[in-house]
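The file data.cif comes next; it holds mmCIF, N, CA and C atoms.
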```
data_protein
loop_
_atom_site.label_atom_id
_atom_site.label_comp_id
_atom_site.auth_asym_id
_atom_site.auth_seq_id
_atom_site.Cartn_x
_atom_site.Cartn_y
_atom_site.Cartn_z
N MET A 17 0.83 -1.19 0.00
CA MET A 17 0.00 0.00 0.00
C MET A 17 0.87 1.24 0.00
N THR A 18 0.34 2.28 -0.52
CA THR A 18 1.05 3.54 -0.59
C THR A 18 0.94 4.30 0.73
N THR A 19 1.93 5.10 1.02
CA THR A 19 1.89 5.92 2.22
C THR A 19 1.49 7.35 1.91
N ASP A 20 1.19 7.65 0.64
CA ASP A 20 0.74 8.98 0.24
C ASP A 20 -0.60 9.27 0.90
N LYS A 21 -0.80 10.54 1.23
CA LYS A 21 -2.06 10.96 1.82
C LYS A 21 -3.15 10.90 0.76
N ARG A 22 -4.26 10.31 1.13
CA ARG A 22 -5.39 10.22 0.21
C ARG A 22 -6.21 11.49 0.34
N ASP A 23 -6.11 12.34 -0.68
CA ASP A 23 -6.78 13.63 -0.60
C ASP A 23 -7.72 13.89 -1.78
N THR A 24 -8.01 12.84 -2.53
CA THR A 24 -8.91 12.97 -3.67
C THR A 24 -10.09 12.04 -3.49
N THR A 25 -11.27 12.53 -3.84
CA THR A 25 -12.49 11.75 -3.68
C THR A 25 -13.03 11.34 -5.04
N ILE A 26 -13.53 10.13 -5.12
CA ILE A 26 -14.21 9.64 -6.31
C ILE A 26 -15.66 9.40 -5.91
N THR A 27 -16.58 9.91 -6.70
CA THR A 27 -18.00 9.71 -6.43
C THR A 27 -18.51 8.57 -7.29
N LEU A 28 -19.23 7.66 -6.64
CA LEU A 28 -19.75 6.49 -7.34
C LEU A 28 -21.21 6.32 -6.96
N ARG A 29 -22.08 6.27 -7.94
CA ARG A 29 -23.51 6.08 -7.66
C ARG A 29 -23.84 4.59 -7.66
N VAL A 30 -24.45 4.15 -6.58
CA VAL A 30 -24.90 2.77 -6.45
C VAL A 30 -26.27 2.78 -5.80
N THR A 31 -26.93 1.65 -5.86
CA THR A 31 -28.22 1.54 -5.16
C THR A 31 -27.96 1.35 -3.67
N GLN A 32 -28.99 1.60 -2.89
CA GLN A 32 -28.86 1.41 -1.44
C GLN A 32 -28.53 -0.04 -1.11
N SER A 33 -29.15 -0.98 -1.84
CA SER A 33 -28.89 -2.40 -1.57
C SER A 33 -27.46 -2.78 -1.94
N GLU A 34 -26.90 -2.20 -3.03
CA GLU A 34 -25.51 -2.46 -3.38
C GLU A 34 -24.58 -1.95 -2.28
N LYS A 35 -24.85 -0.74 -1.82
CA LYS A 35 -24.01 -0.16 -0.78
C LYS A 35 -24.05 -1.02 0.49
N LEU A 36 -25.23 -1.45 0.88
CA LEU A 36 -25.34 -2.29 2.08
C LEU A 36 -24.62 -3.62 1.90
N ALA A 37 -24.75 -4.22 0.72
CA ALA A 37 -24.07 -5.50 0.46
C ALA A 37 -22.56 -5.32 0.53
N TRP A 38 -22.04 -4.25 -0.08
CA TRP A 38 -20.59 -3.99 -0.05
C TRP A 38 -20.14 -3.68 1.37
N GLN A 39 -20.94 -2.91 2.10
CA GLN A 39 -20.58 -2.58 3.47
C GLN A 39 -20.53 -3.84 4.34
N ASN A 40 -21.49 -4.75 4.13
CA ASN A 40 -21.49 -6.02 4.87
C ASN A 40 -20.23 -6.83 4.57
N LYS A 41 -19.83 -6.87 3.29
CA LYS A 41 -18.60 -7.58 2.93
C LYS A 41 -17.40 -6.96 3.63
N ALA A 42 -17.35 -5.64 3.62
CA ALA A 42 -16.23 -4.94 4.27
C ALA A 42 -16.22 -5.23 5.76
N ASP A 43 -17.39 -5.20 6.39
CA ASP A 43 -17.48 -5.47 7.82
C ASP A 43 -17.03 -6.89 8.15
N LEU A 44 -17.41 -7.84 7.30
CA LEU A 44 -17.05 -9.25 7.54
C LEU A 44 -15.54 -9.47 7.58
N VAL A 45 -14.80 -8.71 6.79
CA VAL A 45 -13.35 -8.87 6.76
C VAL A 45 -12.61 -7.79 7.55
N GLY A 46 -13.38 -6.95 8.25
CA GLY A 46 -12.77 -5.93 9.10
C GLY A 46 -12.09 -4.81 8.33
N MET A 47 -12.68 -4.41 7.24
CA MET A 47 -12.12 -3.34 6.41
C MET A 47 -13.11 -2.20 6.31
N THR A 48 -12.60 -1.06 5.91
CA THR A 48 -13.50 0.02 5.55
C THR A 48 -14.02 -0.25 4.15
N LEU A 49 -15.14 0.37 3.84
CA LEU A 49 -15.70 0.21 2.50
C LEU A 49 -14.73 0.74 1.45
N SER A 50 -14.07 1.85 1.75
CA SER A 50 -13.09 2.41 0.81
C SER A 50 -11.95 1.43 0.53
N ASN A 51 -11.42 0.82 1.58
CA ASN A 51 -10.32 -0.15 1.39
C ASN A 51 -10.78 -1.36 0.59
N LEU A 52 -11.99 -1.83 0.87
CA LEU A 52 -12.52 -2.97 0.13
C LEU A 52 -12.61 -2.64 -1.37
N ILE A 53 -13.14 -1.48 -1.69
CA ILE A 53 -13.28 -1.09 -3.09
C ILE A 53 -11.91 -0.89 -3.74
N ARG A 54 -10.98 -0.25 -3.03
CA ARG A 54 -9.64 -0.06 -3.58
C ARG A 54 -8.98 -1.40 -3.89
N GLN A 55 -9.08 -2.35 -2.97
CA GLN A 55 -8.47 -3.67 -3.21
C GLN A 55 -9.14 -4.38 -4.38
N ALA A 56 -10.47 -4.30 -4.44
CA ALA A 56 -11.18 -4.96 -5.54
C ALA A 56 -10.77 -4.37 -6.89
N ILE A 57 -10.68 -3.06 -6.96
CA ILE A 57 -10.30 -2.40 -8.22
C ILE A 57 -8.85 -2.72 -8.59
N SER A 58 -7.98 -2.79 -7.61
CA SER A 58 -6.57 -3.06 -7.93
C SER A 58 -6.37 -4.48 -8.44
N ARG A 59 -7.27 -5.40 -8.12
CA ARG A 59 -7.16 -6.78 -8.60
C ARG A 59 -7.84 -6.99 -9.94
N THR A 60 -8.54 -5.99 -10.44
CA THR A 60 -9.28 -6.11 -11.69
C THR A 60 -8.33 -5.98 -12.87
N LYS A 61 -8.44 -6.93 -13.81
CA LYS A 61 -7.63 -6.88 -15.02
C LYS A 61 -8.39 -6.10 -16.08
N THR A 62 -7.73 -5.17 -16.69
CA THR A 62 -8.34 -4.42 -17.77
C THR A 62 -7.73 -4.86 -19.09
N TRP A 63 -8.48 -4.67 -20.16
CA TRP A 63 -8.04 -5.09 -21.49
C TRP A 63 -7.80 -3.86 -22.33
N THR A 64 -6.74 -3.92 -23.07
CA THR A 64 -6.49 -2.85 -24.03
C THR A 64 -7.13 -3.22 -25.36
N ALA A 65 -7.22 -2.27 -26.23
CA ALA A 65 -7.79 -2.54 -27.56
C ALA A 65 -7.00 -3.62 -28.29
N ALA A 66 -5.68 -3.62 -28.12
CA ALA A 66 -4.84 -4.64 -28.77
C ALA A 66 -5.18 -6.02 -28.23
N ASP A 67 -5.39 -6.13 -26.92
CA ASP A 67 -5.74 -7.41 -26.31
C ASP A 67 -7.06 -7.92 -26.89
N LYS A 68 -8.05 -7.04 -26.98
CA LYS A 68 -9.36 -7.44 -27.48
C LYS A 68 -9.27 -7.94 -28.92
N SER A 69 -8.53 -7.21 -29.76
CA SER A 69 -8.45 -7.63 -31.16
C SER A 69 -7.71 -8.95 -31.28
N LEU A 70 -6.70 -9.16 -30.46
CA LEU A 70 -5.97 -10.43 -30.49
C LEU A 70 -6.88 -11.59 -30.09
N VAL A 71 -7.65 -11.39 -29.02
CA VAL A 71 -8.56 -12.45 -28.57
C VAL A 71 -9.64 -12.72 -29.61
N LYS A 72 -10.16 -11.66 -30.23
CA LYS A 72 -11.16 -11.84 -31.28
C LYS A 72 -10.59 -12.65 -32.45
N GLU A 73 -9.37 -12.32 -32.85
CA GLU A 73 -8.75 -13.04 -33.96
C GLU A 73 -8.49 -14.50 -33.59
N GLN A 74 -8.02 -14.75 -32.38
CA GLN A 74 -7.81 -16.13 -31.94
C GLN A 74 -9.12 -16.90 -31.93
N THR A 75 -10.17 -16.25 -31.46
CA THR A 75 -11.48 -16.90 -31.42
C THR A 75 -11.96 -17.22 -32.84
N ARG A 76 -11.78 -16.27 -33.75
CA ARG A 76 -12.15 -16.52 -35.15
C ARG A 76 -11.40 -17.72 -35.73
N GLN A 77 -10.12 -17.79 -35.44
CA GLN A 77 -9.31 -18.89 -35.96
C GLN A 77 -9.78 -20.23 -35.39
N ILE A 78 -10.08 -20.25 -34.11
CA ILE A 78 -10.55 -21.50 -33.49
C ILE A 78 -11.90 -21.91 -34.08
N VAL A 79 -12.77 -20.94 -34.33
CA VAL A 79 -14.07 -21.24 -34.95
C VAL A 79 -13.86 -21.82 -36.34
N ARG A 80 -12.94 -21.24 -37.10
CA ARG A 80 -12.66 -21.76 -38.45
C ARG A 80 -12.14 -23.18 -38.39
N ILE A 81 -11.24 -23.43 -37.44
CA ILE A 81 -10.70 -24.78 -37.28
C ILE A 81 -11.84 -25.74 -36.94
N GLY A 82 -12.72 -25.31 -36.04
CA GLY A 82 -13.86 -26.16 -35.66
C GLY A 82 -14.75 -26.47 -36.85
N ASN A 83 -15.01 -25.46 -37.68
CA ASN A 83 -15.83 -25.69 -38.88
C ASN A 83 -15.17 -26.69 -39.82
N ASN A 84 -13.87 -26.54 -40.02
CA ASN A 84 -13.15 -27.48 -40.88
C ASN A 84 -13.18 -28.88 -40.30
N LEU A 85 -13.01 -28.98 -38.99
CA LEU A 85 -13.05 -30.30 -38.34
C LEU A 85 -14.41 -30.95 -38.53
N ASN A 86 -15.48 -30.16 -38.43
CA ASN A 86 -16.82 -30.72 -38.63
C ASN A 86 -16.98 -31.26 -40.04
N GLN A 87 -16.45 -30.56 -41.02
CA GLN A 87 -16.54 -31.04 -42.40
C GLN A 87 -15.76 -32.35 -42.58
N ILE A 88 -14.58 -32.40 -41.99
CA ILE A 88 -13.76 -33.61 -42.08
C ILE A 88 -14.45 -34.77 -41.35
N ALA A 89 -15.01 -34.47 -40.19
CA ALA A 89 -15.70 -35.52 -39.42
C ALA A 89 -16.89 -36.05 -40.20
N ARG A 90 -17.63 -35.17 -40.85
CA ARG A 90 -18.77 -35.59 -41.66
C ARG A 90 -18.31 -36.54 -42.78
N TRP A 91 -17.20 -36.18 -43.43
CA TRP A 91 -16.66 -37.04 -44.48
C TRP A 91 -16.26 -38.39 -43.91
N ALA A 92 -15.54 -38.35 -42.77
CA ALA A 92 -15.05 -39.60 -42.17
C ALA A 92 -16.21 -40.50 -41.76
N ASN A 93 -17.28 -39.92 -41.25
CA ASN A 93 -18.44 -40.72 -40.86
C ASN A 93 -19.17 -41.29 -42.07
N THR A 94 -19.10 -40.60 -43.19
CA THR A 94 -19.72 -41.10 -44.42
C THR A 94 -18.96 -42.29 -44.98
N TYR A 95 -17.62 -42.25 -44.88
CA TYR A 95 -16.76 -43.30 -45.45
C TYR A 95 -16.04 -44.07 -44.35
N LYS A 96 -16.78 -44.54 -43.36
CA LYS A 96 -16.20 -45.22 -42.20
C LYS A 96 -15.42 -46.48 -42.55
N SER A 97 -15.78 -47.13 -43.59
CA SER A 97 -15.19 -48.43 -43.88
C SER A 97 -13.78 -48.35 -44.47
N THR A 98 -13.37 -47.20 -44.93
CA THR A 98 -12.05 -47.13 -45.54
C THR A 98 -10.98 -46.89 -44.48
N ALA A 99 -9.77 -47.33 -44.79
CA ALA A 99 -8.65 -47.17 -43.86
C ALA A 99 -8.33 -45.69 -43.64
N GLU A 100 -8.50 -44.89 -44.70
CA GLU A 100 -8.24 -43.46 -44.57
C GLU A 100 -9.13 -42.82 -43.52
N ALA A 101 -10.38 -43.23 -43.48
CA ALA A 101 -11.33 -42.65 -42.54
C ALA A 101 -10.90 -42.92 -41.09
N VAL A 102 -10.40 -44.13 -40.85
CA VAL A 102 -9.95 -44.47 -39.50
C VAL A 102 -8.79 -43.57 -39.09
N GLN A 103 -7.86 -43.37 -39.99
CA GLN A 103 -6.72 -42.49 -39.69
C GLN A 103 -7.19 -41.06 -39.46
N ILE A 104 -8.14 -40.62 -40.26
CA ILE A 104 -8.64 -39.25 -40.11
C ILE A 104 -9.36 -39.09 -38.78
N ILE A 105 -10.15 -40.08 -38.39
CA ILE A 105 -10.85 -40.00 -37.10
C ILE A 105 -9.83 -39.92 -35.96
N GLN A 106 -8.76 -40.69 -36.03
CA GLN A 106 -7.72 -40.62 -35.00
C GLN A 106 -7.09 -39.23 -34.97
N ALA A 107 -6.81 -38.67 -36.13
CA ALA A 107 -6.23 -37.33 -36.21
C ALA A 107 -7.20 -36.29 -35.65
N LEU A 108 -8.49 -36.46 -35.94
CA LEU A 108 -9.50 -35.53 -35.41
C LEU A 108 -9.53 -35.55 -33.89
N ARG A 109 -9.40 -36.73 -33.32
CA ARG A 109 -9.39 -36.82 -31.85
C ARG A 109 -8.19 -36.09 -31.26
N LEU A 110 -7.04 -36.21 -31.90
CA LEU A 110 -5.85 -35.49 -31.42
C LEU A 110 -6.04 -33.98 -31.53
N ILE A 111 -6.62 -33.55 -32.64
CA ILE A 111 -6.86 -32.12 -32.83
C ILE A 111 -7.87 -31.62 -31.79
N GLU A 112 -8.90 -32.40 -31.54
CA GLU A 112 -9.90 -32.02 -30.54
C GLU A 112 -9.27 -31.86 -29.16
N GLN A 113 -8.38 -32.78 -28.81
CA GLN A 113 -7.69 -32.69 -27.52
C GLN A 113 -6.85 -31.41 -27.44
N SER A 114 -6.18 -31.08 -28.53
CA SER A 114 -5.38 -29.86 -28.57
C SER A 114 -6.24 -28.62 -28.42
N LEU A 115 -7.37 -28.60 -29.10
CA LEU A 115 -8.27 -27.45 -28.99
C LEU A 115 -8.84 -27.33 -27.57
N ASN A 116 -9.12 -28.46 -26.94
CA ASN A 116 -9.60 -28.40 -25.57
C ASN A 116 -8.56 -27.83 -24.62
N LYS A 117 -7.30 -28.15 -24.87
CA LYS A 117 -6.21 -27.59 -24.06
C LYS A 117 -6.14 -26.07 -24.27
N LEU A 118 -6.34 -25.61 -25.50
CA LEU A 118 -6.33 -24.17 -25.79
C LEU A 118 -7.45 -23.46 -25.05
N LYS A 119 -8.60 -24.08 -25.00
CA LYS A 119 -9.76 -23.47 -24.32
C LYS A 119 -9.46 -23.29 -22.84
N LYS A 120 -8.75 -24.24 -22.23
CA LYS A 120 -8.46 -24.19 -20.80
C LYS A 120 -7.43 -23.11 -20.48
N ASP A 121 -6.52 -22.84 -21.42
CA ASP A 121 -5.49 -21.83 -21.19
C ASP A 121 -6.08 -20.48 -21.34
#
```
With the file now loaded, output its structure as structure tokens.
Amino acid sequence: MTTDKRDTTITLRVTQSEKLAWQNKADLVGMTLSNLIRQAISRTKTWTAADKSLVKEQTRQIVRIGNNLNQIARWANTYKSTAEAVQIIQALRLIEQSLNKLKKD
């Protein structure tokens, strides 16, 4: 925490029920409402425009991969009896596992 004197006020409009709920949380942990809000805000991650565009592009790419996988899976299910289809189904399972790992990260 900083040792600078806090001499600036921020006004925040909330409902009476929001204020009471926040005050109860602060009381439960033995903090002032101001300290509770300061700690909550300091733990909040903000996104820059670059972050948002990167996430959007990654999401688009994953959706495209998913669409392609669905087309391949449809083909493999149509031609189940061929050896190629078995290999493709195995490859699809590996790709699916990789995509699931990406979702978790």
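The gap separating CA of Thr60 (chain A) from CA of Val79 (chain A) is 28.2 Å, in Å to one decimal.
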Closest of A:Ile78, A:Ala101, A:Thr25, A:Glu34 to Leu115 (chain A) - atom-to-atom distances counting all atoms listed in the file: A:Ile78
Provide the CA of Leu108 (chain A) to CA of Ala89 (chain A) distance in Å, to one decimal place. 7.4 Å
Spatial neighbours of Trp38 (chain A), 8 Å, all atoms listed in the file, chain gap at least 3 places, as an mmCIF file with N, CA and C atoms, keeping the file's coordinate frame:
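Result saved to around18.cif:
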```cif
data_model
loop_
_atom_site.group_PDB
_atom_site.id
_atom_site.type_symbol
_atom_site.label_atom_id
_atom_site.label_comp_id
_atom_site.auth_asym_id
_atom_site.auth_seq_id
_atom_site.Cartn_x
_atom_site.Cartn_y
_atom_site.Cartn_z
ATOM 1 N N GLN A 32 -28.990 1.600 -2.890
ATOM 2 C CA GLN A 32 -28.860 1.410 -1.440
ATOM 3 C C GLN A 32 -28.530 -0.040 -1.110
ATOM 4 N N SER A 33 -29.150 -0.980 -1.840
ATOM 5 C CA SER A 33 -28.890 -2.400 -1.570
ATOM 6 C C SER A 33 -27.460 -2.780 -1.940
ATOM 7 N N GLU A 34 -26.900 -2.200 -3.030
ATOM 8 C CA GLU A 34 -25.510 -2.460 -3.380
ATOM 9 C C GLU A 34 -24.580 -1.950 -2.280
ATOM 10 N N LYS A 35 -24.850 -0.740 -1.820
ATOM 11 C CA LYS A 35 -24.010 -0.160 -0.780
ATOM 12 C C LYS A 35 -24.050 -1.020 0.490
ATOM 13 N N LYS A 41 -19.830 -6.870 3.290
ATOM 14 C CA LYS A 41 -18.600 -7.580 2.930
ATOM 15 C C LYS A 41 -17.400 -6.960 3.630
ATOM 16 N N ALA A 42 -17.350 -5.640 3.620
ATOM 17 C CA ALA A 42 -16.230 -4.940 4.270
ATOM 18 C C ALA A 42 -16.220 -5.230 5.760
ATOM 19 N N ASP A 43 -17.390 -5.200 6.390
ATOM 20 C CA ASP A 43 -17.480 -5.470 7.820
ATOM 21 C C ASP A 43 -17.030 -6.890 8.150
ATOM 22 N N LEU A 44 -17.410 -7.840 7.300
ATOM 23 C CA LEU A 44 -17.050 -9.250 7.540
ATOM 24 C C LEU A 44 -15.540 -9.470 7.580
ATOM 25 N N THR A 48 -12.600 -1.060 5.910
ATOM 26 C CA THR A 48 -13.500 0.020 5.550
ATOM 27 C C THR A 48 -14.020 -0.250 4.150
ATOM 28 N N LEU A 49 -15.140 0.370 3.840
ATOM 29 C CA LEU A 49 -15.700 0.210 2.500
ATOM 30 C C LEU A 49 -14.730 0.740 1.450
ATOM 31 N N LEU A 52 -11.990 -1.830 0.870
ATOM 32 C CA LEU A 52 -12.520 -2.970 0.130
ATOM 33 C C LEU A 52 -12.610 -2.640 -1.370
ATOM 34 N N ILE A 53 -13.140 -1.480 -1.690
ATOM 35 C CA ILE A 53 -13.280 -1.090 -3.090
ATOM 36 C C ILE A 53 -11.910 -0.890 -3.740
#
```
Hey, can I get the axis-aligned box for region 49-60 of chain A? All listed atoms, 4 Å padding on each side, centre and edge lengths in Å to one decimal, as JSON.
```
{"center_x": -11.0, "center_y": -2.3, "center_z": -4.5, "size_x": 17.3, "size_y": 17.4, "size_z": 24.7}
```
Please compute the CA of Arg90 (chain A)-atom N of Ile105 (chain A) distance, one decimal, in Å.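 For CA of Arg90 (chain A) relative to atom N of Ile105 (chain A), the distance reads 10.3 Å.
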Report the residues of chain A whose backbone DSSP state falls under helix (DSSP H, G or I), written as a PyMOL selection string. chain A and resi 32-44+49-58+65-94+99-120
Is there a way to complete region 82-102 of chain A with N, CA, C and O atoms and then write that out as a short mmCIF file (atom, residue, chain, number, x, y, z; two decimals), in the frame of the given file?
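Final file, rebuild32.cif:
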```cif
data_model
loop_
_atom_site.label_atom_id
_atom_site.label_comp_id
_atom_site.auth_asym_id
_atom_site.auth_seq_id
_atom_site.Cartn_x
_atom_site.Cartn_y
_atom_site.Cartn_z
N GLY A 82 -12.72 -25.31 -36.04
CA GLY A 82 -13.86 -26.16 -35.66
C GLY A 82 -14.75 -26.47 -36.85
O GLY A 82 -15.20 -27.61 -37.02
N ASN A 83 -15.01 -25.46 -37.68
CA ASN A 83 -15.83 -25.69 -38.88
C ASN A 83 -15.17 -26.69 -39.82
O ASN A 83 -15.83 -27.59 -40.36
N ASN A 84 -13.87 -26.54 -40.02
CA ASN A 84 -13.15 -27.48 -40.88
C ASN A 84 -13.18 -28.88 -40.30
O ASN A 84 -13.34 -29.88 -41.02
N LEU A 85 -13.01 -28.98 -38.99
CA LEU A 85 -13.05 -30.30 -38.34
C LEU A 85 -14.41 -30.95 -38.53
O LEU A 85 -14.51 -32.16 -38.76
N ASN A 86 -15.48 -30.16 -38.43
CA ASN A 86 -16.82 -30.72 -38.63
C ASN A 86 -16.98 -31.26 -40.04
O ASN A 86 -17.57 -32.33 -40.24
N GLN A 87 -16.45 -30.56 -41.02
CA GLN A 87 -16.54 -31.04 -42.40
C GLN A 87 -15.76 -32.35 -42.58
O GLN A 87 -16.22 -33.29 -43.23
N ILE A 88 -14.58 -32.40 -41.99
CA ILE A 88 -13.76 -33.61 -42.08
C ILE A 88 -14.45 -34.77 -41.35
O ILE A 88 -14.48 -35.90 -41.84
N ALA A 89 -15.01 -34.47 -40.19
CA ALA A 89 -15.70 -35.52 -39.42
C ALA A 89 -16.89 -36.05 -40.20
O ALA A 89 -17.15 -37.27 -40.21
N ARG A 90 -17.63 -35.17 -40.85
CA ARG A 90 -18.77 -35.59 -41.66
C ARG A 90 -18.31 -36.54 -42.78
O ARG A 90 -18.91 -37.57 -43.04
N TRP A 91 -17.20 -36.18 -43.43
CA TRP A 91 -16.66 -37.04 -44.48
C TRP A 91 -16.26 -38.39 -43.91
O TRP A 91 -16.57 -39.43 -44.48
N ALA A 92 -15.54 -38.35 -42.77
CA ALA A 92 -15.05 -39.60 -42.17
C ALA A 92 -16.21 -40.50 -41.76
O ALA A 92 -16.14 -41.73 -41.91
N ASN A 93 -17.28 -39.92 -41.25
CA ASN A 93 -18.44 -40.72 -40.86
C ASN A 93 -19.17 -41.29 -42.07
O ASN A 93 -19.77 -42.37 -42.00
N THR A 94 -19.10 -40.60 -43.19
CA THR A 94 -19.72 -41.10 -44.42
C THR A 94 -18.96 -42.29 -44.98
O THR A 94 -19.54 -43.25 -45.48
N TYR A 95 -17.62 -42.25 -44.88
CA TYR A 95 -16.76 -43.30 -45.45
C TYR A 95 -16.04 -44.07 -44.35
O TYR A 95 -14.84 -44.27 -44.39
N LYS A 96 -16.78 -44.54 -43.36
CA LYS A 96 -16.20 -45.22 -42.20
C LYS A 96 -15.42 -46.48 -42.55
O LYS A 96 -14.50 -46.84 -41.84
N SER A 97 -15.78 -47.13 -43.59
CA SER A 97 -15.19 -48.43 -43.88
C SER A 97 -13.78 -48.35 -44.47
O SER A 97 -13.07 -49.34 -44.48
N THR A 98 -13.37 -47.20 -44.93
CA THR A 98 -12.05 -47.13 -45.54
C THR A 98 -10.98 -46.89 -44.48
O THR A 98 -11.22 -46.32 -43.42
N ALA A 99 -9.77 -47.33 -44.79
CA ALA A 99 -8.65 -47.17 -43.86
C ALA A 99 -8.33 -45.69 -43.64
O ALA A 99 -7.94 -45.28 -42.55
N GLU A 100 -8.50 -44.89 -44.70
CA GLU A 100 -8.24 -43.46 -44.57
C GLU A 100 -9.13 -42.82 -43.52
O GLU A 100 -8.70 -41.97 -42.75
N ALA A 101 -10.38 -43.23 -43.48
CA ALA A 101 -11.33 -42.65 -42.54
C ALA A 101 -10.90 -42.92 -41.09
O ALA A 101 -11.00 -42.05 -40.23
N VAL A 102 -10.40 -44.13 -40.85
CA VAL A 102 -9.95 -44.47 -39.50
C VAL A 102 -8.79 -43.57 -39.09
O VAL A 102 -8.75 -43.05 -37.97
#
```
